file structure.cif (mmCIF, C-alpha atoms)
data_model
loop_
_atom_site.label_atom_id
_atom_site.label_comp_id
_atom_site.auth_asym_id
_atom_site.auth_seq_id
_atom_site.Cartn_x
_atom_site.Cartn_y
_atom_site.Cartn_z
CA MET A 25 -61.34 -80.86 -13.06
CA LYS A 26 -63.34 -80.63 -9.85
CA LYS A 27 -62.95 -76.85 -9.81
CA SER A 28 -64.23 -76.57 -13.40
CA LEU A 29 -67.24 -78.73 -12.60
CA LEU A 30 -68.03 -76.69 -9.51
CA TRP A 31 -67.80 -73.47 -11.51
CA LEU A 32 -70.16 -74.87 -14.17
CA LEU A 33 -72.76 -75.88 -11.58
CA MET A 34 -72.70 -72.42 -10.03
CA MET A 35 -73.28 -70.76 -13.39
CA ILE A 36 -76.27 -73.04 -14.13
CA LEU A 37 -77.78 -72.26 -10.72
CA SER A 38 -77.39 -68.49 -11.21
CA VAL A 39 -79.04 -68.55 -14.63
CA SER A 40 -81.89 -70.62 -13.23
CA MET A 41 -82.53 -68.15 -10.36
CA ILE A 42 -82.53 -65.16 -12.71
CA ALA A 43 -85.04 -66.85 -14.99
CA THR A 44 -87.27 -67.71 -12.04
CA PHE A 45 -87.33 -64.14 -10.69
CA SER A 46 -87.96 -62.75 -14.18
CA LEU A 47 -90.91 -65.08 -14.61
CA VAL A 48 -92.41 -64.06 -11.26
CA GLY A 49 -91.98 -60.41 -12.16
CA CYS A 50 -93.74 -60.94 -15.48
CA LYS A 51 -96.65 -62.70 -13.78
CA GLU A 52 -97.05 -59.86 -11.26
CA GLU A 53 -96.87 -57.25 -14.00
CA GLY A 54 -99.46 -59.15 -16.00
CA ALA A 55 -101.76 -59.40 -13.01
CA GLU A 56 -101.60 -55.64 -12.46
CA GLY A 57 -102.28 -54.98 -16.11
CA ALA A 58 -105.26 -57.34 -16.18
CA GLY A 59 -106.83 -56.08 -12.97
CA SER A 60 -107.34 -52.64 -11.40
CA GLU A 61 -104.61 -50.01 -11.60
CA ALA A 62 -102.06 -49.81 -8.79
CA LYS A 63 -103.10 -47.38 -6.05
CA GLU A 64 -100.99 -44.21 -5.84
CA VAL A 65 -100.09 -43.09 -2.34
CA SER A 66 -99.80 -39.35 -1.64
CA PHE A 67 -98.60 -37.82 1.58
CA GLY A 68 -99.48 -34.20 0.66
CA LEU A 69 -101.48 -32.21 3.21
CA LYS A 70 -104.18 -31.49 0.62
CA GLU A 71 -105.25 -35.13 0.87
CA PHE A 72 -106.51 -34.48 4.41
CA GLU A 73 -108.25 -31.12 3.90
CA PRO A 74 -111.97 -31.16 4.71
CA GLU A 75 -114.38 -30.43 1.88
CA GLY A 76 -115.61 -26.88 1.50
CA GLY A 77 -112.34 -25.16 2.38
CA LEU A 78 -111.25 -23.51 5.60
CA GLN A 79 -111.47 -19.91 6.82
CA PHE A 80 -109.04 -18.37 9.29
CA ALA A 81 -108.56 -14.92 10.77
CA PHE A 82 -105.80 -12.93 12.43
CA ALA A 83 -107.41 -10.42 14.83
CA THR A 84 -105.40 -7.42 16.06
CA ILE A 85 -106.14 -4.27 18.03
CA SER A 86 -104.82 -1.67 15.54
CA THR A 87 -104.66 -2.78 11.92
CA GLU A 88 -103.17 0.45 10.54
CA VAL A 89 -99.76 0.39 12.28
CA ALA A 90 -96.73 -0.47 10.16
CA PHE A 91 -95.78 -3.43 12.35
CA TRP A 92 -98.36 -5.61 10.59
CA VAL A 93 -96.75 -5.48 7.13
CA PRO A 94 -94.64 -8.65 7.68
CA THR A 95 -97.53 -10.40 9.44
CA VAL A 96 -99.89 -9.73 6.52
CA ASN A 97 -97.27 -11.20 4.18
CA ALA A 98 -97.05 -14.22 6.48
CA LEU A 99 -100.84 -14.52 6.46
CA ASN A 100 -101.02 -14.35 2.67
CA ASP A 101 -98.21 -16.88 2.27
CA PHE A 102 -99.93 -19.22 4.73
CA ALA A 103 -103.23 -18.97 2.86
CA ALA A 104 -101.57 -19.65 -0.51
CA GLN A 105 -99.53 -22.54 0.87
CA TYR A 106 -102.51 -24.41 2.28
CA GLY A 107 -105.25 -23.28 -0.08
CA VAL A 108 -107.38 -21.61 2.58
CA GLU A 109 -108.87 -18.16 3.22
CA ALA A 110 -107.20 -15.99 5.84
CA ASP A 111 -108.01 -12.37 6.73
CA HIS A 112 -106.45 -9.69 8.91
CA VAL A 113 -109.25 -8.08 10.94
CA GLY A 114 -109.58 -5.58 13.77
CA PRO A 115 -110.06 -1.89 14.56
CA ALA A 116 -107.92 0.69 12.76
CA ASP A 117 -106.66 2.13 16.05
CA TYR A 118 -106.19 0.67 19.52
CA ASP A 119 -109.56 -0.67 20.66
CA PRO A 120 -109.63 -4.02 22.50
CA ILE A 121 -113.41 -3.88 22.93
CA GLU A 122 -113.88 -3.67 19.19
CA GLU A 123 -111.44 -6.56 18.65
CA ALA A 124 -113.58 -8.70 20.98
CA ALA A 125 -116.75 -7.67 19.10
CA ILE A 126 -115.15 -8.63 15.77
CA LEU A 127 -114.23 -12.02 17.19
CA GLU A 128 -117.86 -12.50 18.26
CA ASN A 129 -118.99 -11.76 14.71
CA LEU A 130 -116.46 -14.18 13.24
CA LEU A 131 -117.73 -16.90 15.55
CA GLU A 132 -121.31 -16.37 14.39
CA ALA A 133 -120.18 -16.37 10.75
CA GLY A 134 -118.55 -19.79 11.12
CA ILE A 135 -114.80 -19.21 11.29
CA ASP A 136 -112.59 -22.33 11.51
CA GLY A 137 -109.68 -20.95 13.55
CA VAL A 138 -108.35 -17.62 14.85
CA ASN A 139 -105.10 -16.12 15.99
CA ILE A 140 -105.64 -13.23 18.39
CA LEU A 141 -103.93 -10.56 20.46
CA ILE A 142 -104.86 -10.14 24.12
CA PRO A 143 -103.88 -6.51 24.82
CA GLU A 144 -105.24 -6.25 28.36
CA PRO A 145 -105.55 -8.94 31.07
CA GLY A 146 -108.91 -10.71 31.10
CA ILE A 147 -110.42 -8.72 28.25
CA MET A 148 -110.79 -11.71 25.90
CA ASP A 149 -111.83 -14.32 28.49
CA SER A 150 -115.51 -14.38 27.51
CA VAL A 151 -115.06 -14.63 23.75
CA VAL A 152 -112.24 -17.17 24.04
CA LYS A 153 -114.49 -19.40 26.16
CA LYS A 154 -117.16 -19.28 23.45
CA TYR A 155 -114.63 -20.36 20.82
CA LEU A 156 -113.34 -23.21 22.92
CA ASP A 157 -116.89 -24.34 23.77
CA GLU A 158 -117.53 -24.57 20.01
CA GLY A 159 -114.33 -26.55 19.50
CA ILE A 160 -112.70 -23.81 17.40
CA PRO A 161 -108.94 -23.55 17.97
CA VAL A 162 -107.39 -20.28 19.14
CA THR A 163 -103.75 -19.27 19.18
CA VAL A 164 -102.31 -16.07 20.66
CA SER A 165 -99.46 -14.02 19.17
CA PHE A 166 -97.35 -11.01 20.14
CA ILE A 167 -99.50 -9.77 23.04
CA GLY A 168 -100.99 -11.75 25.91
CA PHE A 169 -98.64 -14.59 26.87
CA GLU A 170 -99.73 -14.45 30.53
CA ASP A 171 -103.42 -14.69 29.64
CA ALA A 172 -102.65 -17.40 27.10
CA GLU A 173 -100.95 -19.45 29.80
CA ARG A 174 -103.85 -18.88 32.21
CA LEU A 175 -106.43 -19.85 29.59
CA GLY A 176 -104.45 -22.85 28.36
CA LEU A 177 -103.84 -21.37 24.91
CA PRO A 178 -100.66 -21.69 22.83
CA TYR A 179 -98.67 -18.46 22.48
CA VAL A 180 -96.17 -17.50 19.77
CA GLY A 181 -94.13 -14.35 20.40
CA GLN A 182 -91.84 -12.74 22.91
CA GLN A 183 -92.08 -12.86 26.69
CA TYR A 184 -92.15 -9.12 27.06
CA ASP A 185 -90.96 -9.01 30.66
CA GLU A 186 -87.78 -10.89 29.75
CA VAL A 187 -87.30 -8.86 26.57
CA GLY A 188 -87.93 -5.70 28.59
CA THR A 189 -85.10 -6.65 30.91
CA GLU A 190 -82.76 -7.08 27.93
CA TRP A 191 -83.98 -3.72 26.62
CA GLY A 192 -83.22 -2.02 29.94
CA GLU A 193 -79.73 -3.49 29.97
CA LYS A 194 -79.17 -2.23 26.42
CA ILE A 195 -80.36 1.26 27.40
CA VAL A 196 -77.87 1.40 30.26
CA GLU A 197 -75.17 0.23 27.86
CA VAL A 198 -75.85 2.93 25.23
CA LEU A 199 -75.96 5.56 27.98
CA GLY A 200 -72.34 4.73 28.75
CA GLY A 201 -72.64 1.91 31.26
CA PRO A 202 -73.82 1.83 34.89
CA GLU A 203 -71.50 4.57 36.16
CA GLU A 204 -72.07 6.98 33.27
CA ALA A 205 -75.83 6.34 33.12
CA LYS A 206 -76.49 7.25 36.75
CA GLY A 207 -78.51 10.46 37.07
CA LYS A 208 -79.25 10.79 33.34
CA GLN A 209 -82.83 11.49 32.22
CA VAL A 210 -84.65 9.47 29.55
CA LEU A 211 -88.15 9.41 28.12
CA PHE A 212 -90.19 6.28 27.37
CA LEU A 213 -92.66 6.47 24.47
CA THR A 214 -95.78 4.32 24.15
CA GLU A 215 -98.48 4.31 21.50
CA SER A 216 -101.03 2.39 23.59
CA PRO A 217 -100.99 3.09 27.34
CA GLY A 218 -102.49 0.15 29.23
CA SER A 219 -101.42 -2.46 26.69
CA SER A 220 -100.05 -5.41 28.63
CA VAL A 221 -97.16 -6.00 26.24
CA LEU A 222 -96.04 -2.37 26.15
CA GLU A 223 -96.45 -1.88 29.87
CA GLY A 224 -94.66 -5.17 30.52
CA ARG A 225 -91.67 -4.13 28.42
CA MET A 226 -91.43 -0.74 30.07
CA ASN A 227 -91.85 -2.01 33.62
CA SER A 228 -89.06 -4.54 33.22
CA ALA A 229 -86.80 -1.98 31.56
CA LYS A 230 -87.57 0.59 34.26
CA GLU A 231 -86.50 -1.85 36.96
CA ILE A 232 -83.08 -2.06 35.32
CA LEU A 233 -82.88 1.73 34.98
CA ASP A 234 -83.89 2.20 38.62
CA GLU A 235 -81.04 -0.06 39.68
CA ALA A 236 -78.65 2.04 37.59
CA GLY A 237 -80.03 5.34 38.94
CA VAL A 238 -81.42 6.50 35.58
CA ILE A 239 -84.29 8.99 35.82
CA HIS A 240 -87.22 8.20 33.53
CA SER A 241 -90.69 9.41 32.57
CA THR A 242 -93.28 8.29 29.99
CA ILE A 243 -95.51 9.94 27.37
CA ASP A 244 -98.33 8.72 25.13
CA THR A 245 -97.44 9.14 21.45
CA THR A 246 -100.66 7.61 20.02
CA THR A 247 -100.36 5.49 16.85
CA ASP A 248 -100.28 8.60 14.65
CA ARG A 249 -96.70 9.37 13.58
CA GLU A 250 -97.28 13.14 13.27
CA LYS A 251 -98.87 13.35 16.72
CA ALA A 252 -96.03 11.26 18.09
CA TYR A 253 -93.47 13.70 16.68
CA SER A 254 -95.36 16.65 18.15
CA ASN A 255 -95.63 15.02 21.59
CA ILE A 256 -91.92 14.18 21.59
CA GLU A 257 -91.07 17.74 20.58
CA SER A 258 -93.20 19.15 23.41
CA ALA A 259 -91.65 16.82 25.97
CA TYR A 260 -88.11 17.73 24.93
CA THR A 261 -88.87 21.45 24.87
CA ALA A 262 -90.18 21.15 28.43
CA ASN A 263 -87.12 19.17 29.55
CA PRO A 264 -84.00 19.55 27.36
CA GLU A 265 -82.05 17.48 29.91
CA ILE A 266 -83.44 14.34 28.27
CA VAL A 267 -80.62 12.27 26.75
CA GLY A 268 -82.59 9.31 25.44
CA PHE A 269 -85.89 8.44 23.75
CA PHE A 270 -86.89 4.78 24.11
CA SER A 271 -90.03 3.58 22.38
CA THR A 272 -92.02 0.46 23.18
CA ASP A 273 -93.40 0.17 19.65
CA THR A 274 -93.44 0.85 15.93
CA THR A 275 -94.68 4.45 16.12
CA GLY A 276 -92.34 6.09 18.61
CA THR A 277 -89.00 4.78 17.39
CA PRO A 278 -88.95 6.40 13.92
CA ALA A 279 -90.70 9.55 15.20
CA ALA A 280 -88.05 10.05 17.87
CA GLY A 281 -85.30 9.37 15.35
CA LEU A 282 -86.67 11.98 12.98
CA PHE A 283 -86.87 14.53 15.80
CA VAL A 284 -83.23 13.90 16.71
CA LYS A 285 -82.19 14.21 13.05
CA ASN A 286 -84.16 17.41 12.42
CA ASN A 287 -82.79 19.11 15.54
CA ASN A 288 -79.14 18.07 15.12
CA LEU A 289 -79.22 16.04 18.32
CA THR A 290 -77.32 13.02 16.98
CA GLY A 291 -74.68 12.07 19.52
CA LYS A 292 -76.45 14.05 22.22
CA VAL A 293 -79.79 12.22 22.45
CA VAL A 294 -79.92 8.43 21.98
CA VAL A 295 -82.89 6.65 20.35
CA GLY A 296 -83.64 2.96 20.76
CA GLY A 297 -86.88 1.04 20.58
CA PHE A 298 -88.84 -1.79 19.04
CA ASP A 299 -89.79 -3.07 15.62
CA LEU A 300 -88.48 -2.64 12.11
CA ASN A 301 -89.74 -0.28 9.46
CA PRO A 302 -87.88 1.56 6.70
CA ASP A 303 -87.56 4.84 8.63
CA THR A 304 -86.20 3.14 11.74
CA LEU A 305 -83.66 1.13 9.74
CA THR A 306 -82.60 4.21 7.78
CA GLY A 307 -82.08 5.99 11.10
CA ILE A 308 -79.82 3.20 12.31
CA LYS A 309 -77.91 3.21 9.03
CA GLU A 310 -77.39 6.98 9.20
CA GLY A 311 -76.62 7.02 12.91
CA TYR A 312 -79.45 9.00 14.54
CA ILE A 313 -81.13 5.84 15.89
CA GLU A 314 -78.91 3.58 17.98
CA PHE A 315 -80.84 0.30 17.88
CA THR A 316 -84.20 -1.41 17.59
CA ILE A 317 -85.55 -4.81 18.64
CA ASP A 318 -87.14 -7.13 16.09
CA GLN A 319 -90.01 -9.39 17.17
CA TYR A 320 -89.74 -11.63 14.07
CA PRO A 321 -93.42 -10.98 13.18
CA TYR A 322 -93.40 -12.96 9.91
CA ARG A 323 -92.04 -16.09 11.54
CA ALA A 324 -94.31 -15.81 14.58
CA LEU A 325 -97.57 -15.40 12.69
CA HIS A 326 -96.83 -18.00 10.02
CA LEU A 327 -96.12 -20.54 12.76
CA ALA A 328 -99.24 -19.61 14.75
CA MET A 329 -101.50 -19.91 11.69
CA THR A 330 -99.89 -23.16 10.57
CA MET A 331 -100.58 -24.67 13.99
CA LEU A 332 -104.27 -23.78 13.63
CA TYR A 333 -104.38 -25.57 10.27
CA GLU A 334 -102.56 -28.62 11.62
CA LYS A 335 -104.91 -28.80 14.60
CA ILE A 336 -108.00 -28.86 12.37
CA VAL A 337 -106.65 -31.06 9.58
CA LEU A 338 -104.24 -33.41 11.32
CA GLY A 339 -105.28 -33.20 14.96
CA LEU A 340 -101.83 -31.96 16.04
CA GLU A 341 -101.97 -29.87 19.21
CA PRO A 342 -100.58 -26.31 18.99
CA TYR A 343 -97.77 -25.39 21.36
CA THR A 344 -96.15 -22.29 22.86
CA GLU A 345 -93.06 -20.90 21.13
CA TYR A 346 -91.19 -17.93 22.58
CA MET A 347 -89.32 -15.69 20.14
CA PRO A 348 -85.96 -14.14 21.12
CA ALA A 349 -85.13 -10.44 21.17
CA GLY A 350 -83.59 -9.59 17.80
CA PHE A 351 -81.35 -6.57 18.34
CA VAL A 352 -80.61 -4.59 15.18
CA ASP A 353 -77.89 -1.95 15.12
CA LYS A 354 -75.24 -0.76 12.68
CA SER A 355 -73.53 -4.15 12.76
CA ASN A 356 -76.44 -5.99 11.10
CA VAL A 357 -78.75 -3.30 9.75
CA ASP A 358 -77.96 -3.97 6.07
CA SER A 359 -79.48 -7.47 6.06
CA ALA A 360 -82.46 -6.16 8.04
CA ILE A 361 -82.98 -3.41 5.46
CA GLU A 362 -83.03 -5.95 2.64
CA LEU A 363 -85.60 -8.22 4.31
CA SER A 364 -87.68 -5.29 5.53
CA GLY A 365 -87.84 -3.95 1.98
CA GLU A 366 -89.28 -7.28 0.90
CA GLY A 367 -91.83 -7.20 3.71
CA TYR A 368 -90.41 -10.04 5.80
CA ARG A 369 -88.95 -8.12 8.77
#
call {"tool": "encode", "arguments": {"input": "structure.cif", "output": "structure tokens"}}
result
Amino acid sequence: MKKSLLWLLMMILSVSMIATFSLVGCKEEGAEGAGSEAKEVSFGLKEFEPEGGLQFAFATISTEVAFWVPTVNALNDFAAQYGVEADHVGPADYDPIEEAAILENLLEAGIDGVNILIPEPGIMDSVVKKYLDEGIPVTVSFIGFEDAERLGLPYVGQQYDEVGTEWGEKIVEVLGGPEEAKGKQVLFLTESPGSSVLEGRMNSAKEILDEAGVIHSTIDTTTDREKAYSNIESAYTANPEIVGFFSTDTTGTPAAGLFVKNNNLTGKVVVGGFDLNPDTLTGIKEGYIEFTIDQYPYRALHLAMTMLYEKIVLGLEPYTEYMPAGFVDKSNVDSAIELSGEGYR
């Protein structure tokens, strides 16, 4: 009897509580309906964008080279993602002075943020100071990590001295190892003599080759693929003892590969360099180019541009991010070919 009574009391209490909470809910709902509408909260970035839109620029020292295809895709994706304007600007061929002049013009026109290359030490100091004095954020990508550090700027890209060391070790490896490599002659190829990134890569690689007793020399290919091929041909004709062509950049790697293919030198002369383009990847696939090193240009530029946007809109400070050396050879060339064909590597 006591248990039945206790059970009955509990049921009455439960029904009473449900009715009370329902009544409160109805009152609150009625209050909202009678008064102003409930405020919707949005956490989308567009909520914070200043009126009038934003304009950004990516300034390079040679806009015509194939390396920039993934970066332009990154730039376009960035602009579409955040609803801003973003342009790739710079001289057609290697000209740091013209890059600096273009940056001056952008500053006068009222740019909101820029990502730049610093191809030679100190060459951008003056224009960077003007940007910083105006409170306009600057990030550095691909070339100029030492200057970026000195100027207190964030850098996104590879540390070319460290990558150059890895490159040198790879060269010794493809030449047969330290014992086999000793005394062999190789040729370095560069499209822009004096460029800090290209010189940095070569100098670090040359230190490794010197330790292994590899003999090396260097030629200027220019950024023109046909001139590069001709210069490589002349160098090899003058010294057929060369057993390796190693390019610091986008131009020399495919040009050297084509020369090896056309002259039936596969297996006799090794080619290995930097950057991904269809001809280089085809050469790896078919065996007349041994390897190349990817700089992850899409990822690097998208991150650098996003940090500019976040600095302006959210006040988040940009930071330095070093990209690894992405070696591509026969073991992973198929995936690289697919992404390169889509313009992302």
call {"tool": "atom_distance", "arguments": {"input": "structure.cif", "atom1": "CA of Ile167 (chain A)", "atom2": "CA of Val221 (chain A)"}}
result
5.5 Å
call {"tool": "closest_residue", "arguments": {"input": "structure.cif", "among": "A:Val210, A:Val357, A:Val93, A:Ala205", "to": "Thr274 (chain A)", "atoms": "all atoms listed in the file"}}
result
A:Val93
call {"tool": "residues_around", "arguments": {"input": "structure.cif", "residues": "Ala83 (chain A)", "least_positions_apart": "5", "cutoff": "10 Å", "atoms": "only C-alpha atoms", "output": "PyMOL selection string"}}
result
chain A and resi 111-115+123-124+126-127+130+138-142+164-165
call {"tool": "residues_around", "arguments": {"input": "structure.cif", "residues": "Pro143 (chain A)", "least_positions_apart": "5", "cutoff": "8 Å", "atoms": "only C-alpha atoms", "output": "list in words"}}
result
Ile85, Pro120, Ile167, Gly168, Ser219, Ser220 and Val221 of chain A
call {"tool": "resolve_selection", "arguments": {"input": "structure.cif", "expression": "the PyMOL selection byres ((chain A and resi 352) around 7)", "output": "VMD selection string"}}
result
chain A and resid 315 to 317 350 to 351 353 356 to 357
call {"tool": "atom_distance", "arguments": {"input": "structure.cif", "atom1": "CA of Leu305 (chain A)", "atom2": "CA of Glu345 (chain A)"}}
result
26.5 Å
call {"tool": "resolve_selection", "arguments": {"input": "structure.cif", "expression": "the PyMOL selection byres ((chain A and resi 311) around 10)", "output": "PyMOL selection string"}}
result
chain A and resi 281+285+290-291+294-295+305-310+312-315+353-354
call {"tool": "atom_distance", "arguments": {"input": "structure.cif", "atom1": "CA of Gln319 (chain A)", "atom2": "CA of Glu144 (chain A)"}}
result
19.2 Å
call {"tool": "residues_around", "arguments": {"input": "structure.cif", "residues": "Leu327 (chain A)", "least_positions_apart": "6", "cutoff": "12 Å", "atoms": "only C-alpha atoms", "output": "PyMOL selection string"}}
result
chain A and resi 95+98-99+101-102+139+163-165+178-181+320-321+333-334+342-347
call {"tool": "axis_aligned_box", "arguments": {"input": "structure.cif", "around": "region 352-365 of chain A", "padding_each_side": "8 Å", "output": "AutoDock Vina command-line options"}}
result
--center_x -80.7 --center_y -4.5 --center_z 8.6 --size_x 30.3 --size_y 23.5 --size_z 29.2
call {"tool": "resolve_selection", "arguments": {"input": "structure.cif", "expression": "the PyMOL selection byres ((chain A and resi 235-245) around 7)", "output": "list of chain:residue names"}}
result
A:Pro202, A:Ala205, A:Lys206, A:Gly207, A:Lys208, A:Gln209, A:Val210, A:Leu211, A:Phe212, A:Leu213, A:Thr214, A:Glu215, A:Pro217, A:Glu231, A:Ile232, A:Leu233, A:Asp234, A:Thr246, A:Thr247, A:Lys251, A:Ala252, A:Asn255, A:Gly276
